[in-house]
Every structure is written in structure tokens, then in C-alpha cells.
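What follows is input17.pdb (PDB, C-alpha atoms, pLDDT in the B column).
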```pdb
ATOM      1  CA  ASN A   1      18.262  -3.141 -22.190  1.00 67.00           C
ATOM      2  CA  ALA A   2      15.066  -4.020 -24.024  1.00 82.00           C
ATOM      3  CA  GLY A   3      12.894  -2.850 -21.095  1.00 95.00           C
ATOM      4  CA  VAL A   4       9.248  -3.866 -21.433  1.00 97.00           C
ATOM      5  CA  THR A   5       8.374  -5.727 -24.636  1.00 97.00           C
ATOM      6  CA  GLN A   6       4.817  -6.281 -25.836  1.00 98.00           C
ATOM      7  CA  THR A   7       3.634  -8.480 -28.682  1.00 97.00           C
ATOM      8  CA  PRO A   8       1.829  -8.242 -30.999  1.00 97.00           C
ATOM      9  CA  LYS A   9       1.751  -4.526 -31.864  1.00 97.00           C
ATOM     10  CA  PHE A  10      -1.530  -4.794 -33.740  1.00 97.00           C
ATOM     11  CA  ARG A  11      -4.286  -7.383 -33.848  1.00 96.00           C
ATOM     12  CA  ILE A  12      -7.779  -7.665 -35.242  1.00 97.00           C
ATOM     13  CA  LEU A  13     -10.120 -10.194 -33.645  1.00 97.00           C
ATOM     14  CA  LYS A  14     -13.594 -11.361 -34.472  1.00 97.00           C
ATOM     15  CA  ILE A  15     -16.236 -11.323 -31.761  1.00 97.00           C
ATOM     16  CA  GLY A  16     -15.925 -14.419 -29.607  1.00 96.00           C
ATOM     17  CA  GLN A  17     -12.316 -15.206 -30.504  1.00 97.00           C
ATOM     18  CA  SER A  18      -9.646 -15.478 -27.847  1.00 96.00           C
ATOM     19  CA  MET A  19      -6.069 -14.319 -27.713  1.00 96.00           C
ATOM     20  CA  THR A  20      -3.146 -13.673 -25.400  1.00 97.00           C
ATOM     21  CA  LEU A  21      -1.251 -10.398 -25.268  1.00 98.00           C
ATOM     22  CA  GLN A  22       2.337 -11.029 -24.341  1.00 98.00           C
ATOM     23  CA  CYS A  23       4.429  -8.860 -22.031  1.00 98.00           C
ATOM     24  CA  THR A  24       7.963  -9.487 -20.874  1.00 98.00           C
ATOM     25  CA  GLN A  25      10.472  -7.329 -19.013  1.00 97.00           C
ATOM     26  CA  ASP A  26      14.204  -7.801 -18.516  1.00 96.00           C
ATOM     27  CA  MET A  27      14.692  -5.392 -15.595  1.00 94.00           C
ATOM     28  CA  ASN A  28      13.944  -7.933 -12.838  1.00 93.00           C
ATOM     29  CA  HIS A  29      10.968  -5.844 -11.722  1.00 94.00           C
ATOM     30  CA  ASN A  30       8.605  -7.408  -9.213  1.00 93.00           C
ATOM     31  CA  TYR A  31       5.559  -5.292 -10.032  1.00 94.00           C
ATOM     32  CA  MET A  32       3.803  -5.573 -13.373  1.00 95.00           C
ATOM     33  CA  TYR A  33       0.590  -3.974 -14.627  1.00 96.00           C
ATOM     34  CA  TRP A  34      -1.843  -4.129 -17.503  1.00 98.00           C
ATOM     35  CA  TYR A  35      -3.664  -0.950 -18.523  1.00 97.00           C
ATOM     36  CA  ARG A  36      -6.093  -0.253 -21.317  1.00 97.00           C
ATOM     37  CA  GLN A  37      -6.455   3.103 -23.027  1.00 96.00           C
ATOM     38  CA  ASP A  38      -9.598   3.809 -25.001  1.00 94.00           C
ATOM     39  CA  PRO A  39      -9.384   6.466 -27.773  1.00 86.00           C
ATOM     40  CA  GLY A  40      -8.861   9.920 -26.279  1.00 83.00           C
ATOM     41  CA  MET A  41      -9.094   8.605 -22.734  1.00 87.00           C
ATOM     42  CA  GLY A  42      -6.842   7.886 -19.783  1.00 91.00           C
ATOM     43  CA  LEU A  43      -5.367   4.617 -18.584  1.00 95.00           C
ATOM     44  CA  LYS A  44      -7.492   2.124 -16.689  1.00 95.00           C
ATOM     45  CA  LEU A  45      -5.925  -0.667 -14.653  1.00 94.00           C
ATOM     46  CA  ILE A  46      -7.005  -4.167 -15.656  1.00 97.00           C
ATOM     47  CA  TYR A  47      -4.817  -6.449 -13.531  1.00 96.00           C
ATOM     48  CA  TYR A  48      -1.558  -6.212 -11.682  1.00 95.00           C
ATOM     49  CA  SER A  49       0.999  -8.493 -10.049  1.00 95.00           C
ATOM     50  CA  VAL A  50       3.424  -7.896  -7.197  1.00 92.00           C
ATOM     51  CA  GLY A  51       5.502 -10.967  -7.913  1.00 93.00           C
ATOM     52  CA  ALA A  52       5.547 -14.404  -9.479  1.00 94.00           C
ATOM     53  CA  GLY A  53       2.440 -16.346  -8.541  1.00 94.00           C
ATOM     54  CA  ILE A  54       0.560 -13.280  -7.235  1.00 95.00           C
ATOM     55  CA  THR A  55      -2.046 -11.367  -9.231  1.00 96.00           C
ATOM     56  CA  ASP A  56      -4.883  -9.013  -8.332  1.00 94.00           C
ATOM     57  CA  LYS A  57      -7.741  -7.211 -10.049  1.00 95.00           C
ATOM     58  CA  GLY A  58      -7.664  -3.590 -11.037  1.00 93.00           C
ATOM     59  CA  GLU A  59     -10.534  -1.274 -11.998  1.00 92.00           C
ATOM     60  CA  VAL A  60     -11.749  -3.122 -15.121  1.00 95.00           C
ATOM     61  CA  PRO A  61     -10.891  -6.855 -14.881  1.00 97.00           C
ATOM     62  CA  ASN A  62     -14.052  -8.330 -16.419  1.00 96.00           C
ATOM     63  CA  GLY A  63     -13.374 -10.284 -19.613  1.00 96.00           C
ATOM     64  CA  TYR A  64      -9.665 -10.696 -18.901  1.00 97.00           C
ATOM     65  CA  ASN A  65      -7.368 -13.131 -17.129  1.00 97.00           C
ATOM     66  CA  VAL A  66      -3.710 -12.997 -16.214  1.00 98.00           C
ATOM     67  CA  SER A  67      -1.004 -15.261 -14.903  1.00 96.00           C
ATOM     68  CA  ARG A  68       2.474 -14.629 -13.516  1.00 97.00           C
ATOM     69  CA  SER A  69       4.503 -17.828 -13.552  1.00 96.00           C
ATOM     70  CA  THR A  70       7.856 -16.010 -13.829  1.00 96.00           C
ATOM     71  CA  THR A  71       9.198 -12.607 -12.820  1.00 96.00           C
ATOM     72  CA  GLU A  72       9.752 -11.680 -16.470  1.00 97.00           C
ATOM     73  CA  ASP A  73       6.404 -12.533 -18.068  1.00 98.00           C
ATOM     74  CA  PHE A  74       2.874 -11.250 -17.461  1.00 98.00           C
ATOM     75  CA  PRO A  75       0.504 -12.325 -20.257  1.00 98.00           C
ATOM     76  CA  LEU A  76      -3.048 -10.985 -20.562  1.00 98.00           C
ATOM     77  CA  ARG A  77      -5.719 -13.346 -21.851  1.00 97.00           C
ATOM     78  CA  LEU A  78      -8.972 -12.385 -23.574  1.00 96.00           C
ATOM     79  CA  GLU A  79     -11.272 -15.392 -23.649  1.00 89.00           C
ATOM     80  CA  LEU A  80     -14.340 -14.180 -25.589  1.00 94.00           C
ATOM     81  CA  ALA A  81     -13.480 -10.975 -27.381  1.00 96.00           C
ATOM     82  CA  ALA A  82     -16.156  -8.289 -27.475  1.00 96.00           C
ATOM     83  CA  PRO A  83     -16.265  -4.938 -29.340  1.00 96.00           C
ATOM     84  CA  SER A  84     -16.017  -3.166 -25.960  1.00 96.00           C
ATOM     85  CA  GLN A  85     -12.488  -4.564 -25.651  1.00 97.00           C
ATOM     86  CA  THR A  86     -11.289  -2.575 -28.657  1.00 97.00           C
ATOM     87  CA  SER A  87      -8.519  -0.500 -27.116  1.00 97.00           C
ATOM     88  CA  VAL A  88      -4.779   0.008 -26.811  1.00 97.00           C
ATOM     89  CA  TYR A  89      -3.277  -2.210 -24.143  1.00 98.00           C
ATOM     90  CA  PHE A  90      -0.165  -1.176 -22.254  1.00 98.00           C
ATOM     91  CA  CYS A  91       1.932  -3.378 -20.051  1.00 98.00           C
ATOM     92  CA  ALA A  92       4.113  -1.668 -17.447  1.00 97.00           C
ATOM     93  CA  SER A  93       6.519  -2.656 -14.726  1.00 96.00           C
ATOM     94  CA  ARG A  94       8.376  -1.188 -11.775  1.00 93.00           C
ATOM     95  CA  ARG A  95      10.837  -2.428  -9.221  1.00 88.00           C
ATOM     96  CA  GLU A  96       8.758  -1.749  -6.119  1.00 78.00           C
ATOM     97  CA  SER A  97       5.404  -0.240  -5.269  1.00 66.00           C
ATOM     98  CA  SER A  98       4.408   3.364  -4.776  1.00 64.00           C
ATOM     99  CA  SER A  99       7.701   5.204  -4.913  1.00 73.00           C
ATOM    100  CA  GLU A 100       8.990   3.814  -8.168  1.00 85.00           C
ATOM    101  CA  LYS A 101       8.221   4.992 -11.685  1.00 91.00           C
ATOM    102  CA  LEU A 102       6.480   2.832 -14.248  1.00 94.00           C
ATOM    103  CA  PHE A 103       8.211   1.660 -17.398  1.00 96.00           C
ATOM    104  CA  PHE A 104       5.738   1.095 -20.222  1.00 97.00           C
ATOM    105  CA  GLY A 105       5.825  -1.166 -23.232  1.00 98.00           C
ATOM    106  CA  SER A 106       4.990   0.246 -26.657  1.00 97.00           C
ATOM    107  CA  GLY A 107       1.439  -1.093 -26.545  1.00 97.00           C
ATOM    108  CA  THR A 108      -0.830  -3.486 -28.426  1.00 97.00           C
ATOM    109  CA  GLN A 109      -3.585  -1.980 -30.552  1.00 97.00           C
ATOM    110  CA  LEU A 110      -6.516  -4.385 -30.532  1.00 97.00           C
ATOM    111  CA  SER A 111      -9.672  -4.139 -32.623  1.00 97.00           C
ATOM    112  CA  VAL A 112     -12.609  -6.489 -32.110  1.00 97.00           C
ATOM    113  CA  LEU A 113     -15.007  -6.539 -35.054  1.00 95.00           C
TER     114      LEU A 113
ATOM    115  CA  GLY B 114     -12.575   3.832  -5.139  1.00 71.00           C
ATOM    116  CA  GLN B 115      -9.856   6.353  -5.672  1.00 74.00           C
ATOM    117  CA  GLN B 116     -10.490   8.847  -8.470  1.00 88.00           C
ATOM    118  CA  VAL B 117      -8.052  11.184 -10.139  1.00 93.00           C
ATOM    119  CA  MET B 118      -9.380  13.987 -12.304  1.00 94.00           C
ATOM    120  CA  GLN B 119      -7.481  16.277 -14.646  1.00 96.00           C
ATOM    121  CA  ILE B 120      -8.494  19.598 -16.132  1.00 96.00           C
ATOM    122  CA  PRO B 121      -8.597  20.795 -18.766  1.00 96.00           C
ATOM    123  CA  GLN B 122      -9.133  17.768 -20.985  1.00 94.00           C
ATOM    124  CA  TYR B 123      -7.783  19.693 -23.974  1.00 95.00           C
ATOM    125  CA  GLN B 124      -5.405  22.634 -24.127  1.00 94.00           C
ATOM    126  CA  HIS B 125      -4.741  24.559 -27.335  1.00 95.00           C
ATOM    127  CA  VAL B 126      -1.732  26.794 -26.790  1.00 96.00           C
ATOM    128  CA  GLN B 127      -0.052  29.351 -28.994  1.00 96.00           C
ATOM    129  CA  GLU B 128       3.654  28.624 -29.319  1.00 96.00           C
ATOM    130  CA  GLY B 129       5.525  30.725 -26.789  1.00 97.00           C
ATOM    131  CA  GLU B 130       2.640  31.027 -24.335  1.00 97.00           C
ATOM    132  CA  ASP B 131       2.381  29.496 -20.864  1.00 97.00           C
ATOM    133  CA  PHE B 132      -0.287  27.122 -19.569  1.00 94.00           C
ATOM    134  CA  THR B 133      -1.166  25.062 -16.510  1.00 97.00           C
ATOM    135  CA  THR B 134      -2.890  21.712 -16.154  1.00 97.00           C
ATOM    136  CA  TYR B 135      -4.423  20.567 -12.887  1.00 97.00           C
ATOM    137  CA  CYS B 136      -4.821  17.198 -11.205  1.00 97.00           C
ATOM    138  CA  ASN B 137      -7.219  16.472  -8.323  1.00 97.00           C
ATOM    139  CA  SER B 138      -7.583  13.302  -6.270  1.00 95.00           C
ATOM    140  CA  SER B 139     -10.605  12.183  -4.264  1.00 92.00           C
ATOM    141  CA  THR B 140      -8.253  10.824  -1.578  1.00 92.00           C
ATOM    142  CA  THR B 141      -4.997  11.864   0.049  1.00 93.00           C
ATOM    143  CA  LEU B 142      -2.021  10.576  -1.889  1.00 93.00           C
ATOM    144  CA  SER B 143       1.349   9.308  -0.737  1.00 92.00           C
ATOM    145  CA  ASN B 144       2.919  10.542  -3.944  1.00 92.00           C
ATOM    146  CA  ILE B 145       1.994  11.740  -7.409  1.00 95.00           C
ATOM    147  CA  GLN B 146       3.710  11.047 -10.686  1.00 96.00           C
ATOM    148  CA  TRP B 147       3.480  12.799 -14.045  1.00 98.00           C
ATOM    149  CA  TYR B 148       3.843  11.124 -17.402  1.00 98.00           C
ATOM    150  CA  LYS B 149       3.924  12.376 -20.984  1.00 98.00           C
ATOM    151  CA  GLN B 150       2.540  10.438 -23.941  1.00 97.00           C
ATOM    152  CA  ARG B 151       3.435  11.616 -27.419  1.00 96.00           C
ATOM    153  CA  PRO B 152       0.839  10.942 -30.156  1.00 93.00           C
ATOM    154  CA  GLY B 153       0.963   7.243 -31.039  1.00 92.00           C
ATOM    155  CA  GLY B 154       3.437   6.534 -28.252  1.00 96.00           C
ATOM    156  CA  HIS B 155       3.458   5.157 -24.755  1.00 97.00           C
ATOM    157  CA  PRO B 156       3.504   7.080 -21.446  1.00 97.00           C
ATOM    158  CA  VAL B 157       6.963   8.150 -20.309  1.00 97.00           C
ATOM    159  CA  PHE B 158       7.738   9.123 -16.734  1.00 96.00           C
ATOM    160  CA  LEU B 159       8.495  12.800 -16.117  1.00 97.00           C
ATOM    161  CA  ILE B 160       8.678  13.308 -12.367  1.00 97.00           C
ATOM    162  CA  GLN B 161       7.480  12.237  -8.926  1.00 95.00           C
ATOM    163  CA  LEU B 162       6.369  14.467  -6.050  1.00 96.00           C
ATOM    164  CA  VAL B 163       6.252  13.103  -2.513  1.00 94.00           C
ATOM    165  CA  LYS B 164       6.248  15.926   0.033  1.00 95.00           C
ATOM    166  CA  SER B 165       3.376  18.245   0.865  1.00 96.00           C
ATOM    167  CA  GLY B 166       3.835  21.554  -0.979  1.00 97.00           C
ATOM    168  CA  GLU B 167       6.759  20.210  -2.994  1.00 97.00           C
ATOM    169  CA  VAL B 168       7.789  22.081  -6.131  1.00 98.00           C
ATOM    170  CA  LYS B 169      10.108  20.631  -8.762  1.00 98.00           C
ATOM    171  CA  LYS B 170      11.334  22.070 -12.050  1.00 97.00           C
ATOM    172  CA  GLN B 171      12.511  20.462 -15.235  1.00 96.00           C
ATOM    173  CA  LYS B 172      13.664  23.180 -17.642  1.00 96.00           C
ATOM    174  CA  ARG B 173      10.388  24.881 -18.707  1.00 97.00           C
ATOM    175  CA  LEU B 174       8.160  22.516 -16.694  1.00 97.00           C
ATOM    176  CA  THR B 175       7.208  23.254 -13.081  1.00 98.00           C
ATOM    177  CA  PHE B 176       5.419  20.624 -10.997  1.00 98.00           C
ATOM    178  CA  GLN B 177       3.703  21.301  -7.690  1.00 98.00           C
ATOM    179  CA  PHE B 178       2.130  19.037  -5.046  1.00 97.00           C
ATOM    180  CA  GLY B 179      -0.614  20.553  -2.938  1.00 96.00           C
ATOM    181  CA  GLU B 180      -0.358  21.108   0.801  1.00 95.00           C
ATOM    182  CA  ALA B 181      -3.093  18.557   1.470  1.00 95.00           C
ATOM    183  CA  LYS B 182      -1.493  16.070  -0.962  1.00 95.00           C
ATOM    184  CA  LYS B 183      -4.753  15.805  -2.908  1.00 96.00           C
ATOM    185  CA  ASN B 184      -3.897  17.955  -5.899  1.00 96.00           C
ATOM    186  CA  SER B 185      -1.055  18.773  -8.211  1.00 98.00           C
ATOM    187  CA  SER B 186      -0.296  21.034 -11.127  1.00 98.00           C
ATOM    188  CA  LEU B 187       2.019  21.177 -14.119  1.00 98.00           C
ATOM    189  CA  HIS B 188       2.952  24.577 -15.521  1.00 98.00           C
ATOM    190  CA  ILE B 189       4.754  24.878 -18.849  1.00 97.00           C
ATOM    191  CA  THR B 190       6.358  28.167 -19.828  1.00 97.00           C
ATOM    192  CA  ALA B 191       7.134  29.313 -23.365  1.00 97.00           C
ATOM    193  CA  THR B 192       5.385  26.344 -24.952  1.00 96.00           C
ATOM    194  CA  GLN B 193       7.186  24.704 -27.874  1.00 96.00           C
ATOM    195  CA  THR B 194       5.970  22.295 -30.554  1.00 95.00           C
ATOM    196  CA  THR B 195       7.937  19.565 -28.777  1.00 95.00           C
ATOM    197  CA  ASP B 196       5.495  19.900 -25.856  1.00 96.00           C
ATOM    198  CA  VAL B 197       2.694  18.362 -27.940  1.00 97.00           C
ATOM    199  CA  GLY B 198       1.223  15.272 -26.317  1.00 96.00           C
ATOM    200  CA  THR B 199      -0.942  14.113 -23.450  1.00 97.00           C
ATOM    201  CA  TYR B 200       0.134  14.765 -19.886  1.00 97.00           C
ATOM    202  CA  PHE B 201      -1.098  12.350 -17.241  1.00 97.00           C
ATOM    203  CA  CYS B 202      -0.930  12.563 -13.509  1.00 97.00           C
ATOM    204  CA  ALA B 203      -1.053   9.339 -11.517  1.00 95.00           C
ATOM    205  CA  GLY B 204      -1.467   8.920  -7.792  1.00 92.00           C
ATOM    206  CA  SER B 205      -0.778   6.257  -5.194  1.00 88.00           C
ATOM    207  CA  ARG B 206      -2.218   5.898  -1.737  1.00 84.00           C
ATOM    208  CA  ALA B 207       0.051   5.187   1.193  1.00 70.00           C
ATOM    209  CA  ALA B 208       1.562   1.716   0.873  1.00 66.00           C
ATOM    210  CA  GLY B 209      -0.468   1.160  -2.271  1.00 69.00           C
ATOM    211  CA  ASN B 210       0.518  -1.121  -5.097  1.00 78.00           C
ATOM    212  CA  LYS B 211      -1.727   0.546  -7.630  1.00 85.00           C
ATOM    213  CA  LEU B 212      -1.210   3.743  -9.558  1.00 88.00           C
ATOM    214  CA  THR B 213      -4.441   5.486 -10.588  1.00 91.00           C
ATOM    215  CA  PHE B 214      -4.189   7.661 -13.671  1.00 94.00           C
ATOM    216  CA  GLY B 215      -6.122  10.796 -14.441  1.00 94.00           C
ATOM    217  CA  GLY B 216      -7.819  11.238 -17.806  1.00 94.00           C
ATOM    218  CA  GLY B 217      -4.975  13.355 -19.156  1.00 96.00           C
ATOM    219  CA  THR B 218      -4.642  16.812 -20.687  1.00 96.00           C
ATOM    220  CA  ARG B 219      -4.132  16.767 -24.448  1.00 96.00           C
ATOM    221  CA  VAL B 220      -1.897  19.626 -25.499  1.00 96.00           C
ATOM    222  CA  LEU B 221      -1.903  21.004 -29.013  1.00 96.00           C
ATOM    223  CA  VAL B 222       0.520  23.768 -29.929  1.00 94.00           C
ATOM    224  CA  LYS B 223      -0.255  26.332 -32.606  1.00 91.00           C
ATOM    225  CA  PRO B 224       2.887  27.585 -34.322  1.00 86.00           C
TER     226      PRO B 224
END
```
What does the file become when written as C-alpha cells?
Amino acid sequence: NAGVTQTPKFRILKIGQSMTLQCTQDMNHNYMYWYRQDPGMGLKLIYYSVGAGITDKGEVPNGYNVSRSTTEDFPLRLELAAPSQTSVYFCASRRESSSEKLFFGSGTQLSVL
Amino acid sequence: GQQVMQIPQYQHVQEGEDFTTYCNSSTTLSNIQWYKQRPGGHPVFLIQLVKSGEVKKQKRLTFQFGEAKKNSSLHITATQTTDVGTYFCAGSRAAGNKLTFGGGTRVLVKP
């Protein structure tokens, strides 16, 4: 099993550019999450989804958008990149809510210059 | 909103010594999970605690959930260099879809 796959692994953006961080999972998990981790800090929830067609905001959604057209894919879109969005982005999934563990992807390191 | 705090933020440990890291939530939790992130890696699930006062062990790691289900601790005995990394606790409210992470405890081991 590949688990949770994120692409790209690294990316450098200029201020104002846009990009999509890809996340796909092959475990048929309903719940998917996007977290960001600033240097030396914890994980903050950006957006999450409890199933195809359903998304909801987390703690820090401003500047991001998501969609969930299939169970497998949960892309994260940055429309106008800002230096404050320099971070490591982790996608995660789990089968159900609350009582299930999260499986994380290997992360995307994004720098906005 | 729900807040989860961890102390200490950093822990420098001599190899072979014991240490404890603590996790405190501003709200009552339905369960708490612990994850470990190696330097440059992604968080990996360690364990979940569900019951009030629950204690679970994994080799040299002992996890405890408080009686009020608002705090938790991780105790590591005889620390080894393989224990290096950041340990996160993460809590969920009853019937919650979201998992709120603490800031983590970064563990450095001195050989």
C-alpha cells in the first residue's frame, strides 16, 4: 500500500503566484485533513473533509481552498501566495472520526519568496 | 476554541535517563492520541487513550490519560538515541471530526 501520497515534496513560489498541493490516499478513508507545520511548531489544521463533496474549515483556512471530488483525492489550493504561507504542509487521512489514527503523507515543503 | 498545550517545549536528556512530557487540554476530551515525528519526517501514530485514568505501555514508553480526561502524559525510561524526535499529543472532543495537536515536545538525547 502506498498510503498517503503528497506531491510535490518541495516548491518555491514567488509572492502572488498560485499552486495546488496534491494529496491522494489508497486506503478508502473517508476523512482527510490538511495541516501546516511552521518551523519548530506544532500542526495547525487548515481544512478537512469527511467525505467526497464535503469540506470544512479548520483553525487557519485563510488563503487556502480545498475540494473533494473523489474519496481518494484532497488537493489544497493557494491562490495568492504570501511569505506567511512558507511552511511544511501535511496531508493526513483516517477511516472514521475521533477513534481512528491519522496516517500522514511525507509532506510538502513550501517557500514563498 | 479547543486548545492543547504541551510542556516542556524542549527536553534535553542524557542517554539512559528518564523523562516525562505533559499534555493539557482546555476542554474535556473523548480520546487523546500521541504521535512521534523524527527530524525531517512526518508524524507517526504511537497510541490512543480513551478511558479516564487509562495507562498504556509500549516497551519503554508509558502513556497516561488523566481522570478528568483533560490531560495526558508520556514517560520514557532509559532514554536511547532512537527516542530523538518531537512527540505530539492530539485530542478530540466527543463526536468530533477534528484532531487538535499540541505544540510538541522536542527531545534531544545526549550520548
(message) I'd like the residues picked by the ChimeraX specification (/A :<7) & /B written out as number ranges by chain, using the chain letters and numbers from the file.
(response) B: 154-156, 158, 205, 208-210, 214-217
Would you kindly translate the PyMOL selection byres ((chain A and resi 62) around 12) into the concrete residues it picks from this file, as a JSON list (two decimals) with C-alpha atoms, in the frame of the given file?
```
[["chain", "number", "residue", "atom", "x", "y", "z"],
["A", 45, "LEU", "CA", -5.92, -0.67, -14.65],
["A", 46, "ILE", "CA", -7.00, -4.17, -15.66],
["A", 47, "TYR", "CA", -4.82, -6.45, -13.53],
["A", 57, "LYS", "CA", -7.74, -7.21, -10.05],
["A", 58, "GLY", "CA", -7.66, -3.59, -11.04],
["A", 59, "GLU", "CA", -10.53, -1.27, -12.00],
["A", 60, "VAL", "CA", -11.75, -3.12, -15.12],
["A", 61, "PRO", "CA", -10.89, -6.86, -14.88],
["A", 63, "GLY", "CA", -13.37, -10.28, -19.61],
["A", 64, "TYR", "CA", -9.66, -10.70, -18.90],
["A", 65, "ASN", "CA", -7.37, -13.13, -17.13],
["A", 66, "VAL", "CA", -3.71, -13.00, -16.21],
["A", 77, "ARG", "CA", -5.72, -13.35, -21.85],
["A", 78, "LEU", "CA", -8.97, -12.38, -23.57],
["A", 79, "GLU", "CA", -11.27, -15.39, -23.65],
["A", 80, "LEU", "CA", -14.34, -14.18, -25.59],
["A", 81, "ALA", "CA", -13.48, -10.98, -27.38],
["A", 82, "ALA", "CA", -16.16, -8.29, -27.48],
["A", 84, "SER", "CA", -16.02, -3.17, -25.96],
["A", 85, "GLN", "CA", -12.49, -4.56, -25.65]]
```
(request) For the structure provided, state which residues fall under the PyMOL selection byres ((chain B and resi 197-201) around 6), and present them as a PyMOL selection string. (result) chain B and resi 147-152+194-196+202+215+217-221
(request) For Thr192 in chain B, work out the shell of residues within 6 Å, counting only C-alpha atoms and skipping chain neighbours fewer than 2 positions away, then give it as an MDAnalysis selection string. (result) chainID B and resid 128:131 190
(message) As an exercise, work out the distance from CA of Thr108 in chain A to CA of Ser18 in chain A in Å and give it to one decimal place.
(response)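 About the pair CA of Thr108 in chain A and CA of Ser18 in chain A: they are 14.9 Å apart.
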(request) Fewer than 4 positions away in the same chain doesn't count, so skip those; otherwise give me all residues within 8 Å of Glu72 in chain A, counting only C-alpha atoms, as a VMD selection string. (result) chain A and resid 24 to 26 28 to 29
(request) Could you pull out every residue with an atom within 10 Å of (-11.5, 15.5, -5.0), file coordinates, counting all atoms listed in the file, and send them as a PyMOL selection string? (result) chain B and resi 115-118+136-141+183-184
(message) Could you tell me how far CA of Ser185 in chain B sits from CA of Phe132 in chain B, in Å to one decimal place?
(response) 14.1 Å
(request) Enter the distance from CA of His125 in chain B to CA of Leu187 in chain B, in Å, rounded to one decimal. (result)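 Computed distance, CA of His125 in chain B to CA of Leu187 in chain B, equals 15.2 Å.
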(request) Between B:Gln127, B:Lys211, B:Pro224, B:Ser165, single out the one closest to Ser93 in chain A, counting all atoms listed in the file. (result)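 Counting all atoms listed in the file, the residue closest to Ser93 in chain A is B:Lys211.
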(message) Which residue is closest to Gly16 in chain A? Choose from A:Gly53, A:Ala2, A:Tyr89, A:Pro83 and count all atoms listed in the file.
(response)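 Of the candidates, the smallest distance to Gly16 in chain A is held by A:Pro83.
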(request) Using all atoms listed in the file, pick whichever of B:Val157, B:Ile120, B:Ile189, B:Ala207 has the shortest atom-to-atom distance to Lys170 in chain B. (result)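 Of all the options, B:Ile189 lies closest to Lys170 in chain B.
Minimum atom-to-atom distance to Leu76 in chain A, evaluated using only C-alpha atoms, belongs to A:Met19 out of A:Leu13, A:Met19, A:Leu110, A:Ala52.
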(request) For Gln177 in chain B, please output as JSON, numbers by chain all residues within 6 Å (counting only C-alpha atoms; exclusion window: fewer than 6 positions along the same chain). (result) {"B": [167, 168, 185, 186]}
Report, as lines of an AutoDock Vina configuration file, the axis-aligned box around all atoms of range 156-161 of chain B present in the file, extended by 4 Å on each side; give centre and edge lengths in Å to one decimal place.
```
center_x = 6.1
center_y = 10.2
center_z = -15.2
size_x = 13.2
size_y = 14.2
size_z = 20.5
```
(request) Write out as a PyMOL selection string each polymer residue whose atoms come within 8 Å of Gly51 in chain A, counting all atoms listed in the file; drop sequence neighbours fewer than 3 positions from it. (result) chain A and resi 30-32+54-55+68+71
For the residues in that selection, give me C-alpha atoms as a PDB file, in the coordinates of the input.
```pdb
ATOM      1  CA  ASN A  30       8.605  -7.408  -9.213  1.00 93.00           C
ATOM      2  CA  TYR A  31       5.559  -5.292 -10.032  1.00 94.00           C
ATOM      3  CA  MET A  32       3.803  -5.573 -13.373  1.00 95.00           C
ATOM      4  CA  ILE A  54       0.560 -13.280  -7.235  1.00 95.00           C
ATOM      5  CA  THR A  55      -2.046 -11.367  -9.231  1.00 96.00           C
ATOM      6  CA  ARG A  68       2.474 -14.629 -13.516  1.00 97.00           C
ATOM      7  CA  THR A  71       9.198 -12.607 -12.820  1.00 96.00           C
TER       8      THR A  71
END
```
